[in-house]
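*Asks:* I am sharing coords_34.cif, which consists of mmCIF, N, CA and C atoms:
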```cif
data_input
#
loop_
_atom_site.label_atom_id
_atom_site.label_comp_id
_atom_site.auth_asym_id
_atom_site.auth_seq_id
_atom_site.Cartn_x
_atom_site.Cartn_y
_atom_site.Cartn_z
N MET A 128 109.30 102.67 56.70
CA MET A 128 109.50 104.11 56.76
C MET A 128 111.00 104.40 56.83
N SER A 129 111.45 105.41 56.14
CA SER A 129 112.88 105.76 56.11
C SER A 129 113.29 106.42 57.43
N LEU A 130 114.60 106.49 57.63
CA LEU A 130 115.14 107.17 58.80
C LEU A 130 114.68 108.62 58.83
N ALA A 131 114.73 109.29 57.68
CA ALA A 131 114.30 110.69 57.60
C ALA A 131 112.83 110.84 58.00
N GLU A 132 111.98 109.95 57.53
CA GLU A 132 110.55 110.03 57.86
C GLU A 132 110.31 109.77 59.35
N ASN A 133 111.11 108.89 59.94
CA ASN A 133 110.97 108.58 61.36
C ASN A 133 111.46 109.70 62.27
N LEU A 134 112.40 110.52 61.79
CA LEU A 134 113.02 111.52 62.66
C LEU A 134 112.53 112.95 62.45
N SER A 135 112.17 113.31 61.25
CA SER A 135 111.82 114.69 60.94
C SER A 135 110.67 115.21 61.81
N GLY A 136 110.92 116.34 62.46
CA GLY A 136 109.90 116.99 63.26
C GLY A 136 109.60 116.32 64.59
N THR A 137 110.56 115.56 65.12
CA THR A 137 110.32 114.84 66.37
C THR A 137 111.10 115.43 67.54
N THR A 138 110.62 115.10 68.74
CA THR A 138 111.27 115.47 69.99
C THR A 138 111.50 114.19 70.78
N TRP A 139 112.67 114.08 71.40
CA TRP A 139 113.04 112.89 72.15
C TRP A 139 113.53 113.29 73.53
N GLU A 140 113.09 112.54 74.54
CA GLU A 140 113.51 112.78 75.93
C GLU A 140 114.55 111.74 76.34
N LEU A 141 115.58 112.20 77.03
CA LEU A 141 116.67 111.31 77.45
C LEU A 141 116.18 110.27 78.46
N VAL A 142 116.53 109.02 78.20
CA VAL A 142 116.27 107.92 79.13
C VAL A 142 117.55 107.59 79.88
N SER A 143 118.67 107.47 79.15
CA SER A 143 119.95 107.19 79.80
C SER A 143 121.11 107.64 78.92
N PHE A 144 122.22 107.97 79.58
CA PHE A 144 123.45 108.38 78.92
C PHE A 144 124.57 107.63 79.62
N GLN A 145 125.08 106.60 78.98
CA GLN A 145 126.13 105.81 79.59
C GLN A 145 127.35 105.76 78.69
N SER A 146 128.49 105.48 79.31
CA SER A 146 129.74 105.35 78.59
C SER A 146 130.61 104.39 79.37
N GLU A 147 131.90 104.39 79.06
CA GLU A 147 132.87 103.60 79.81
C GLU A 147 134.04 104.49 80.18
N ASP A 148 134.63 104.21 81.34
CA ASP A 148 135.83 104.94 81.71
C ASP A 148 137.03 104.30 81.00
N LYS A 149 138.21 104.79 81.27
CA LYS A 149 139.40 104.30 80.58
C LYS A 149 139.72 102.84 80.91
N LYS A 150 139.11 102.30 81.97
CA LYS A 150 139.34 100.90 82.35
C LYS A 150 138.23 99.99 81.85
N GLY A 151 137.26 100.55 81.14
CA GLY A 151 136.17 99.74 80.61
C GLY A 151 134.98 99.60 81.55
N ASN A 152 134.99 100.31 82.68
CA ASN A 152 133.87 100.27 83.61
C ASN A 152 132.75 101.19 83.13
N MET A 153 131.49 100.76 83.30
CA MET A 153 130.37 101.59 82.89
C MET A 153 130.28 102.82 83.79
N ILE A 154 130.10 103.98 83.15
CA ILE A 154 129.91 105.23 83.87
C ILE A 154 128.73 105.98 83.26
N TYR A 155 128.24 106.93 84.00
CA TYR A 155 127.19 107.84 83.53
C TYR A 155 127.79 109.24 83.59
N PRO A 156 128.31 109.73 82.45
CA PRO A 156 129.06 111.00 82.46
C PRO A 156 128.32 112.16 83.12
N MET A 157 127.00 112.17 83.05
CA MET A 157 126.25 113.27 83.64
C MET A 157 125.32 112.76 84.75
N GLY A 158 125.67 111.61 85.30
CA GLY A 158 124.89 111.03 86.38
C GLY A 158 123.78 110.12 85.85
N GLU A 159 123.38 109.17 86.66
CA GLU A 159 122.33 108.23 86.26
C GLU A 159 120.98 108.91 86.08
N ASP A 160 120.82 110.08 86.69
CA ASP A 160 119.53 110.78 86.63
C ASP A 160 119.57 112.03 85.73
N ALA A 161 120.48 112.03 84.76
CA ALA A 161 120.56 113.15 83.81
C ALA A 161 119.24 113.28 83.05
N THR A 162 118.93 114.50 82.64
CA THR A 162 117.72 114.75 81.85
C THR A 162 118.12 115.48 80.58
N GLY A 163 117.25 115.41 79.58
CA GLY A 163 117.57 116.12 78.36
C GLY A 163 116.58 115.88 77.25
N PHE A 164 116.79 116.62 76.16
CA PHE A 164 115.92 116.52 75.00
C PHE A 164 116.74 116.70 73.73
N ILE A 165 116.29 116.04 72.67
CA ILE A 165 116.77 116.30 71.31
C ILE A 165 115.56 116.78 70.52
N TYR A 166 115.76 117.88 69.81
CA TYR A 166 114.74 118.41 68.92
C TYR A 166 115.26 118.25 67.50
N ILE A 167 114.54 117.49 66.69
CA ILE A 167 114.92 117.27 65.30
C ILE A 167 113.92 118.02 64.44
N HIS A 168 114.33 119.18 64.01
CA HIS A 168 113.43 120.11 63.32
C HIS A 168 113.27 119.74 61.85
N PRO A 169 112.06 119.94 61.32
CA PRO A 169 111.92 119.82 59.86
C PRO A 169 112.88 120.83 59.23
N GLY A 170 113.43 120.51 58.12
CA GLY A 170 114.44 121.41 57.53
C GLY A 170 115.84 121.01 57.95
N ASN A 171 115.95 119.85 58.61
CA ASN A 171 117.25 119.26 58.95
C ASN A 171 118.13 120.10 59.87
N ARG A 172 117.56 120.54 60.98
CA ARG A 172 118.34 121.16 62.05
C ARG A 172 118.07 120.37 63.32
N LEU A 173 119.12 120.22 64.11
CA LEU A 173 119.03 119.41 65.32
C LEU A 173 119.54 120.22 66.50
N SER A 174 118.93 120.02 67.65
CA SER A 174 119.36 120.70 68.87
C SER A 174 119.32 119.69 70.02
N VAL A 175 120.44 119.56 70.73
CA VAL A 175 120.57 118.60 71.84
C VAL A 175 120.83 119.39 73.13
N HIS A 176 120.11 118.99 74.19
CA HIS A 176 120.31 119.59 75.52
C HIS A 176 120.28 118.48 76.55
N ILE A 177 121.34 118.37 77.37
CA ILE A 177 121.41 117.37 78.43
C ILE A 177 121.93 118.06 79.68
N MET A 178 121.30 117.75 80.82
CA MET A 178 121.65 118.42 82.07
C MET A 178 121.76 117.40 83.21
N VAL A 179 122.72 117.61 84.09
CA VAL A 179 122.79 116.79 85.30
C VAL A 179 121.66 117.20 86.23
N ALA A 180 121.21 116.29 87.05
CA ALA A 180 120.14 116.60 88.00
C ALA A 180 120.66 117.43 89.17
N ASP A 181 121.90 117.20 89.57
CA ASP A 181 122.48 117.88 90.73
C ASP A 181 123.88 118.35 90.35
N ARG A 182 124.03 119.63 90.05
CA ARG A 182 125.32 120.15 89.56
C ARG A 182 126.43 120.07 90.60
N GLU A 183 126.12 120.32 91.86
CA GLU A 183 127.15 120.26 92.90
C GLU A 183 127.67 118.83 93.05
N LYS A 184 126.78 117.87 93.06
CA LYS A 184 127.17 116.46 93.15
C LYS A 184 128.02 116.07 91.94
N SER A 185 127.64 116.54 90.76
CA SER A 185 128.37 116.23 89.54
C SER A 185 129.78 116.79 89.59
N ARG A 186 129.92 118.02 90.05
CA ARG A 186 131.26 118.64 90.15
C ARG A 186 132.16 117.85 91.09
N LYS A 187 131.59 117.39 92.20
CA LYS A 187 132.37 116.65 93.18
C LYS A 187 132.86 115.31 92.63
N ARG A 188 132.03 114.63 91.84
CA ARG A 188 132.41 113.30 91.35
C ARG A 188 133.35 113.35 90.16
N VAL A 189 133.58 114.53 89.56
CA VAL A 189 134.46 114.64 88.40
C VAL A 189 135.85 114.09 88.72
N GLY A 190 136.38 114.39 89.89
CA GLY A 190 137.70 113.90 90.27
C GLY A 190 137.73 112.41 90.59
N GLU A 191 136.57 111.80 90.78
CA GLU A 191 136.50 110.38 91.13
C GLU A 191 136.38 109.47 89.90
N VAL A 192 136.09 110.04 88.75
CA VAL A 192 135.84 109.25 87.55
C VAL A 192 136.98 109.45 86.55
N ASP A 193 137.46 108.35 85.98
CA ASP A 193 138.50 108.40 84.96
C ASP A 193 137.82 108.43 83.59
N PHE A 194 137.30 109.59 83.21
CA PHE A 194 136.53 109.73 81.97
C PHE A 194 137.35 109.28 80.77
N ASN A 195 136.67 108.69 79.80
CA ASN A 195 137.32 108.19 78.59
C ASN A 195 137.74 109.33 77.66
N THR A 196 136.99 110.44 77.69
CA THR A 196 137.31 111.58 76.83
C THR A 196 137.26 112.88 77.62
N GLU A 197 137.99 113.86 77.15
CA GLU A 197 137.95 115.19 77.77
C GLU A 197 136.57 115.82 77.62
N ALA A 198 135.88 115.54 76.50
CA ALA A 198 134.54 116.09 76.30
C ALA A 198 133.58 115.60 77.38
N GLU A 199 133.63 114.31 77.71
CA GLU A 199 132.76 113.78 78.77
C GLU A 199 133.09 114.43 80.10
N LYS A 200 134.36 114.61 80.39
CA LYS A 200 134.77 115.27 81.64
C LYS A 200 134.25 116.71 81.68
N GLU A 201 134.38 117.40 80.56
CA GLU A 201 133.92 118.79 80.50
C GLU A 201 132.40 118.87 80.68
N MET A 202 131.66 117.94 80.08
CA MET A 202 130.20 117.90 80.26
C MET A 202 129.86 117.77 81.74
N ALA A 203 130.54 116.85 82.42
CA ALA A 203 130.27 116.63 83.84
C ALA A 203 130.63 117.85 84.68
N GLU A 204 131.75 118.49 84.36
CA GLU A 204 132.17 119.69 85.09
C GLU A 204 131.16 120.82 84.93
N LEU A 205 130.69 121.01 83.69
CA LEU A 205 129.75 122.09 83.42
C LEU A 205 128.34 121.76 83.91
N GLY A 206 128.02 120.48 83.94
CA GLY A 206 126.69 120.06 84.36
C GLY A 206 125.65 120.25 83.27
N TYR A 207 126.11 120.57 82.08
CA TYR A 207 125.18 120.81 80.97
C TYR A 207 125.92 120.55 79.67
N HIS A 208 125.20 120.02 78.70
CA HIS A 208 125.77 119.78 77.39
C HIS A 208 124.73 120.19 76.36
N ALA A 209 125.14 120.99 75.41
CA ALA A 209 124.22 121.43 74.37
C ALA A 209 124.99 121.72 73.09
N TYR A 210 124.36 121.33 71.97
CA TYR A 210 124.90 121.71 70.67
C TYR A 210 123.79 121.71 69.64
N THR A 211 124.04 122.42 68.54
CA THR A 211 123.04 122.52 67.48
C THR A 211 123.72 122.76 66.15
N GLY A 212 122.99 122.43 65.11
CA GLY A 212 123.46 122.67 63.75
C GLY A 212 122.63 121.89 62.76
N PRO A 213 122.90 122.10 61.49
CA PRO A 213 122.20 121.30 60.47
C PRO A 213 122.70 119.86 60.54
N PHE A 214 121.87 118.94 60.08
CA PHE A 214 122.29 117.55 60.09
C PHE A 214 121.99 116.88 58.76
N THR A 215 122.72 115.80 58.52
CA THR A 215 122.47 114.94 57.35
C THR A 215 122.29 113.52 57.84
N LEU A 216 121.52 112.76 57.07
CA LEU A 216 121.29 111.35 57.38
C LEU A 216 121.91 110.49 56.30
N ASN A 217 122.47 109.37 56.71
CA ASN A 217 122.94 108.36 55.77
C ASN A 217 122.06 107.14 55.99
N GLU A 218 121.10 106.96 55.09
CA GLU A 218 120.14 105.87 55.24
C GLU A 218 120.82 104.50 55.18
N ASP A 219 121.85 104.35 54.35
CA ASP A 219 122.53 103.06 54.22
C ASP A 219 123.33 102.70 55.47
N ALA A 220 124.08 103.66 55.99
CA ALA A 220 124.88 103.42 57.19
C ALA A 220 124.06 103.57 58.47
N VAL A 221 122.87 104.10 58.36
CA VAL A 221 121.96 104.39 59.48
C VAL A 221 122.67 105.29 60.49
N THR A 222 123.13 106.44 59.98
CA THR A 222 123.80 107.42 60.83
C THR A 222 123.18 108.80 60.66
N LEU A 223 123.35 109.58 61.69
CA LEU A 223 122.93 110.98 61.71
C LEU A 223 124.18 111.80 62.02
N THR A 224 124.50 112.77 61.18
CA THR A 224 125.68 113.61 61.39
C THR A 224 125.23 115.05 61.58
N THR A 225 125.54 115.60 62.74
CA THR A 225 125.26 117.01 63.02
C THR A 225 126.51 117.81 62.68
N HIS A 226 126.34 118.84 61.89
CA HIS A 226 127.43 119.75 61.52
C HIS A 226 127.35 120.90 62.53
N VAL A 227 128.09 120.76 63.61
CA VAL A 227 127.92 121.61 64.79
C VAL A 227 128.34 123.05 64.52
N GLU A 228 127.39 123.96 64.77
CA GLU A 228 127.64 125.40 64.63
C GLU A 228 127.80 126.07 65.99
N VAL A 229 127.04 125.60 66.97
CA VAL A 229 127.05 126.19 68.31
C VAL A 229 127.13 125.06 69.32
N SER A 230 128.00 125.18 70.33
CA SER A 230 128.12 124.15 71.35
C SER A 230 128.71 124.73 72.62
N LEU A 231 128.26 124.21 73.74
CA LEU A 231 128.86 124.56 75.02
C LEU A 231 130.28 124.00 75.11
N ILE A 232 130.50 122.84 74.51
CA ILE A 232 131.83 122.23 74.44
C ILE A 232 132.52 122.79 73.19
N THR A 233 133.52 123.63 73.39
CA THR A 233 134.12 124.34 72.27
C THR A 233 134.77 123.41 71.24
N SER A 234 135.24 122.25 71.66
CA SER A 234 135.88 121.33 70.71
C SER A 234 134.87 120.75 69.72
N TYR A 235 133.57 120.88 69.98
CA TYR A 235 132.54 120.40 69.05
C TYR A 235 132.28 121.39 67.92
N ILE A 236 132.57 122.67 68.13
CA ILE A 236 132.21 123.71 67.16
C ILE A 236 132.99 123.53 65.87
N GLY A 237 132.24 123.50 64.76
CA GLY A 237 132.85 123.33 63.45
C GLY A 237 133.21 121.89 63.11
N VAL A 238 132.80 120.96 63.97
CA VAL A 238 133.14 119.56 63.80
C VAL A 238 131.86 118.76 63.52
N ASP A 239 131.97 117.74 62.71
CA ASP A 239 130.84 116.84 62.49
C ASP A 239 130.75 115.83 63.62
N GLN A 240 129.56 115.69 64.19
CA GLN A 240 129.31 114.70 65.23
C GLN A 240 128.40 113.64 64.62
N THR A 241 128.95 112.44 64.39
CA THR A 241 128.20 111.37 63.73
C THR A 241 127.78 110.32 64.75
N ARG A 242 126.52 109.93 64.67
CA ARG A 242 125.94 108.94 65.57
C ARG A 242 125.28 107.82 64.78
N THR A 243 125.48 106.59 65.21
CA THR A 243 124.68 105.51 64.66
C THR A 243 123.30 105.62 65.30
N VAL A 244 122.29 105.26 64.53
CA VAL A 244 120.90 105.38 65.00
C VAL A 244 120.26 104.00 65.00
N LYS A 245 119.67 103.64 66.14
CA LYS A 245 118.91 102.40 66.23
C LYS A 245 117.53 102.78 66.76
N LEU A 246 116.51 102.56 65.92
CA LEU A 246 115.13 102.86 66.29
C LEU A 246 114.39 101.57 66.59
N GLU A 247 113.71 101.55 67.73
CA GLU A 247 112.87 100.41 68.11
C GLU A 247 111.61 100.97 68.75
N GLY A 248 110.51 100.95 68.00
CA GLY A 248 109.26 101.53 68.51
C GLY A 248 109.44 103.00 68.78
N ASP A 249 109.16 103.43 70.03
CA ASP A 249 109.29 104.84 70.39
C ASP A 249 110.61 105.13 71.10
N THR A 250 111.60 104.23 70.91
CA THR A 250 112.91 104.39 71.53
C THR A 250 113.98 104.55 70.45
N MET A 251 114.93 105.44 70.71
CA MET A 251 116.04 105.66 69.80
C MET A 251 117.33 105.56 70.60
N GLN A 252 118.28 104.77 70.09
CA GLN A 252 119.61 104.72 70.69
C GLN A 252 120.59 105.38 69.73
N LEU A 253 121.36 106.31 70.26
CA LEU A 253 122.41 106.97 69.48
C LEU A 253 123.76 106.59 70.09
N SER A 254 124.71 106.21 69.23
CA SER A 254 126.06 105.90 69.68
C SER A 254 127.04 106.69 68.84
N ASN A 255 128.01 107.28 69.50
CA ASN A 255 129.05 108.06 68.82
C ASN A 255 129.92 107.10 68.01
N VAL A 256 130.08 107.34 66.70
CA VAL A 256 130.85 106.41 65.88
C VAL A 256 132.33 106.38 66.27
N LYS A 257 132.86 107.48 66.81
CA LYS A 257 134.26 107.50 67.25
C LYS A 257 134.43 106.91 68.64
N HIS A 258 133.35 106.91 69.41
CA HIS A 258 133.36 106.37 70.77
C HIS A 258 132.11 105.52 70.95
N PRO A 259 132.09 104.31 70.36
CA PRO A 259 130.87 103.49 70.39
C PRO A 259 130.44 103.06 71.79
N GLU A 260 131.34 103.19 72.76
CA GLU A 260 130.97 102.87 74.14
C GLU A 260 130.00 103.91 74.72
N ARG A 261 129.93 105.08 74.09
CA ARG A 261 129.04 106.15 74.54
C ARG A 261 127.67 105.94 73.90
N LYS A 262 126.69 105.60 74.73
CA LYS A 262 125.35 105.29 74.24
C LYS A 262 124.32 106.16 74.95
N LEU A 263 123.46 106.75 74.15
CA LEU A 263 122.35 107.54 74.70
C LEU A 263 121.04 106.93 74.22
N VAL A 264 120.14 106.72 75.14
CA VAL A 264 118.82 106.17 74.81
C VAL A 264 117.80 107.27 75.03
N TRP A 265 116.92 107.41 74.03
CA TRP A 265 115.91 108.47 74.02
C TRP A 265 114.53 107.87 73.80
N LYS A 266 113.51 108.47 74.39
CA LYS A 266 112.13 108.06 74.18
C LYS A 266 111.40 109.18 73.47
N LYS A 267 110.66 108.82 72.43
CA LYS A 267 109.95 109.80 71.63
C LYS A 267 108.86 110.49 72.46
N VAL A 268 108.80 111.80 72.34
CA VAL A 268 107.78 112.60 73.02
C VAL A 268 106.64 112.80 72.03
N GLU A 269 105.47 112.40 72.44
CA GLU A 269 104.31 112.60 71.58
C GLU A 269 103.80 114.02 71.77
N ASN A 270 103.61 114.74 70.67
CA ASN A 270 103.16 116.14 70.74
C ASN A 270 101.66 116.21 70.80
#
```
Output the file's structure in the form of structure tokens.
*Replies:*
Amino acid sequence: MSLAENLSGTTWELVSFQSEDKKGNMIYPMGEDATGFIYIHPGNRLSVHIMVADREKSRKRVGEVDFNTEAEKEMAELGYHAYTGPFTLNEDAVTLTTHVEVSLITSYIGVDQTRTVKLEGDTMQLSNVKHPERKLVWKKVEN
């Protein structure tokens, strides 16, 4: 089955969102207990929503973590991350690129966000091609 056939019309629930700080230590930008969903709509539109479990705790730890990117720091400060837009798939490179139209993180607006896609059963791992240390694992939601 192609990448398009595996993704079209699916919903995925966040399992984990990990990255590395500037020293190479593993961090969880939105906490180890972050929750979220990706909706991959037929017609090639994608919507991502990720939320920290405890916003006050997240705000307090922002000063304790040496985030690798300003976007990760901003996500943690806000306690929420969301973006949407049309997407394209590259079957050969196994990537998904969202052409961001709307985002809580303003630096994402009008920018392409490309992720490598690794599918294994009902699990999907997405990694940012510009920041491969940033890995999100998702579990398919059965409708």
*Asks:* Could you tell me which residues the PyMOL selection byres ((chain A and resi 135) around 8) grabs in this file, written as a tab-separated table (two decimals) with N, CA and C atoms, in the frame of the given file?
*Replies:*
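See selection_20.tsv below for the written result:
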```
chain	number	residue	atom	x	y	z
A	129	SER	N	111.45	105.41	56.14
A	129	SER	CA	112.88	105.76	56.11
A	129	SER	C	113.29	106.42	57.43
A	130	LEU	N	114.60	106.49	57.63
A	130	LEU	CA	115.14	107.17	58.80
A	130	LEU	C	114.68	108.62	58.83
A	131	ALA	N	114.73	109.29	57.68
A	131	ALA	CA	114.30	110.69	57.60
A	131	ALA	C	112.83	110.84	58.00
A	132	GLU	N	111.98	109.95	57.53
A	132	GLU	CA	110.55	110.03	57.86
A	132	GLU	C	110.31	109.77	59.35
A	133	ASN	N	111.11	108.89	59.94
A	133	ASN	CA	110.97	108.58	61.36
A	133	ASN	C	111.46	109.70	62.27
A	134	LEU	N	112.40	110.52	61.79
A	134	LEU	CA	113.02	111.52	62.66
A	134	LEU	C	112.53	112.95	62.45
A	136	GLY	N	110.92	116.34	62.46
A	136	GLY	CA	109.90	116.99	63.26
A	136	GLY	C	109.60	116.32	64.59
A	137	THR	N	110.56	115.56	65.12
A	137	THR	CA	110.32	114.84	66.37
A	137	THR	C	111.10	115.43	67.54
A	138	THR	N	110.62	115.10	68.74
A	138	THR	CA	111.27	115.47	69.99
A	138	THR	C	111.50	114.19	70.78
A	166	TYR	N	115.76	117.88	69.81
A	166	TYR	CA	114.74	118.41	68.92
A	166	TYR	C	115.26	118.25	67.50
A	167	ILE	N	114.54	117.49	66.69
A	167	ILE	CA	114.92	117.27	65.30
A	167	ILE	C	113.92	118.02	64.44
A	168	HIS	N	114.33	119.18	64.01
A	168	HIS	CA	113.43	120.11	63.32
A	168	HIS	C	113.27	119.74	61.85
A	169	PRO	N	112.06	119.94	61.32
A	169	PRO	CA	111.92	119.82	59.86
A	169	PRO	C	112.88	120.83	59.23
A	170	GLY	N	113.43	120.51	58.12
A	170	GLY	CA	114.44	121.41	57.53
A	170	GLY	C	115.84	121.01	57.95
A	171	ASN	N	115.95	119.85	58.61
A	171	ASN	CA	117.25	119.26	58.95
A	171	ASN	C	118.13	120.10	59.87
```
*Asks:* Tell me which of A:Ser174, A:Thr224, A:Thr250, A:Asn255 sits closest to A:Val238, counting all atoms listed in the file.
*Replies:*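 Going through A:Ser174, A:Thr224, A:Thr250, A:Asn255 one by one, the smallest distance to A:Val238 is for A:Thr224.
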*Asks:* Of the residues A:Ala220, A:Ser185, A:Phe214, A:Val175, which is the one nearest to A:Gly163, using all atoms listed in the file?
*Replies:*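 Looking at the shortest contact to A:Gly163, the residue is A:Val175.
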*Asks:* Leaving out A:Phe144 and any residue of its chain fewer than 5 positions from it, which residues lie within 8 Å of it when counting only C-alpha atoms, given as a PDB file with N, CA and C atoms, in the coordinates of the input?
*Replies:*
```
ATOM      1  N   TYR A 155     128.240 106.930  84.000  1.00  0.00           N
ATOM      2  CA  TYR A 155     127.190 107.840  83.530  1.00  0.00           C
ATOM      3  C   TYR A 155     127.790 109.240  83.590  1.00  0.00           C
ATOM      4  N   PRO A 156     128.310 109.730  82.450  1.00  0.00           N
ATOM      5  CA  PRO A 156     129.060 111.000  82.460  1.00  0.00           C
ATOM      6  C   PRO A 156     128.320 112.160  83.120  1.00  0.00           C
ATOM      7  N   MET A 157     127.000 112.170  83.050  1.00  0.00           N
ATOM      8  CA  MET A 157     126.250 113.270  83.640  1.00  0.00           C
ATOM      9  C   MET A 157     125.320 112.760  84.750  1.00  0.00           C
ATOM     10  N   GLU A 159     123.380 109.170  86.660  1.00  0.00           N
ATOM     11  CA  GLU A 159     122.330 108.230  86.260  1.00  0.00           C
ATOM     12  C   GLU A 159     120.980 108.910  86.080  1.00  0.00           C
ATOM     13  N   ALA A 161     120.480 112.030  84.760  1.00  0.00           N
ATOM     14  CA  ALA A 161     120.560 113.150  83.810  1.00  0.00           C
ATOM     15  C   ALA A 161     119.240 113.280  83.050  1.00  0.00           C
ATOM     16  N   ARG A 261     129.930 105.080  74.090  1.00  0.00           N
ATOM     17  CA  ARG A 261     129.040 106.150  74.540  1.00  0.00           C
ATOM     18  C   ARG A 261     127.670 105.940  73.900  1.00  0.00           C
ATOM     19  N   LYS A 262     126.690 105.600  74.730  1.00  0.00           N
ATOM     20  CA  LYS A 262     125.350 105.290  74.240  1.00  0.00           C
ATOM     21  C   LYS A 262     124.320 106.160  74.950  1.00  0.00           C
ATOM     22  N   LEU A 263     123.460 106.750  74.150  1.00  0.00           N
ATOM     23  CA  LEU A 263     122.350 107.540  74.700  1.00  0.00           C
ATOM     24  C   LEU A 263     121.040 106.930  74.220  1.00  0.00           C
ATOM     25  N   VAL A 264     120.140 106.720  75.140  1.00  0.00           N
ATOM     26  CA  VAL A 264     118.820 106.170  74.810  1.00  0.00           C
ATOM     27  C   VAL A 264     117.800 107.270  75.030  1.00  0.00           C
TER      28      VAL A 264
END
```
*Asks:* How many Å lie between atom C of A:Glu218 and atom CA of A:His258, rounded to one decimal?
*Replies:*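 Pair atom C of A:Glu218 / atom CA of A:His258 returns 20.1 Å.
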*Asks:* Take the PyMOL selection byres ((chain A and resi 257) around 8), apply it to the structure above, and return the hits as a list in words.
*Replies:*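 Output from the PyMOL selection byres ((chain A and resi 257) around 8), applied to this file: Gln240, Thr241, Arg242, Thr243, Ser254, Asn255, Val256, His258, Pro259, Glu260 and Arg261 of chain A.
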*Asks:* Hey, which of A:Thr196, A:Glu204, A:Val179, A:Leu173 ends up closest to A:Glu228? Count only C-alpha atoms.
*Replies:*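 Between A:Thr196, A:Glu204, A:Val179, A:Leu173, the residue approaching A:Glu228 most closely is A:Leu173.
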*Asks:* As an exercise, work out the distance from atom C of A:Ile154 to atom N of A:Lys245 in Å and give it to one decimal place.
*Replies:* 19.5 Å
*Asks:* When you draw a straight line from atom CA of A:Asp219 to atom CA of A:Asp239, how long is it in Å?
*Replies:* 18.1 Å
*Asks:* Name the residues of chain A that fall into strand (DSSP E or B) according to DSSP on the backbone, using the chain letters and numbers of this document, as a PyMOL selection string.
*Replies:* chain A and resi 137-147+153-154+162-168+172-178+207-217+222-226+229-230+239-247+250-255+262-268
*Asks:* Can you tell me, as a list in words, what residues are no more than 7 Å from A:Trp265 when counting all atoms listed in the file, ignoring any on the same chain fewer than 4 positions away?
*Replies:* Trp139, Glu140, Leu141, Val142, Ser143, Asp249, Thr250, Met251, Gln252 and Leu253 of chain A
*Asks:* Would you kindly return, as a PyMOL selection string, each protein, DNA or RNA residue with an atom no farther than 8 Å from any atom of A:Tyr207, considering all atoms listed in the file and excluding same-chain residues fewer than 4 positions away?
*Replies:* chain A and resi 157+176-179+182+201-203+231-232
*Asks:* Check the smallest atom-to-atom distance from each of A:Asn152, A:Thr162, A:Ser234, A:Asn217 to A:Ala198 using only N, CA and C atoms, then report the winner.
*Replies:*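 Comparing A:Asn152, A:Thr162, A:Ser234, A:Asn217 against A:Ala198, the winner is A:Ser234.
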*Asks:* So, with all atoms listed in the file as the atoms that count, which of A:Asp160, A:Lys267, A:Ile165, A:Asp193 lies closest to A:Ala180?
*Replies:*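 Smallest distance to A:Ala180 is found for A:Asp160.
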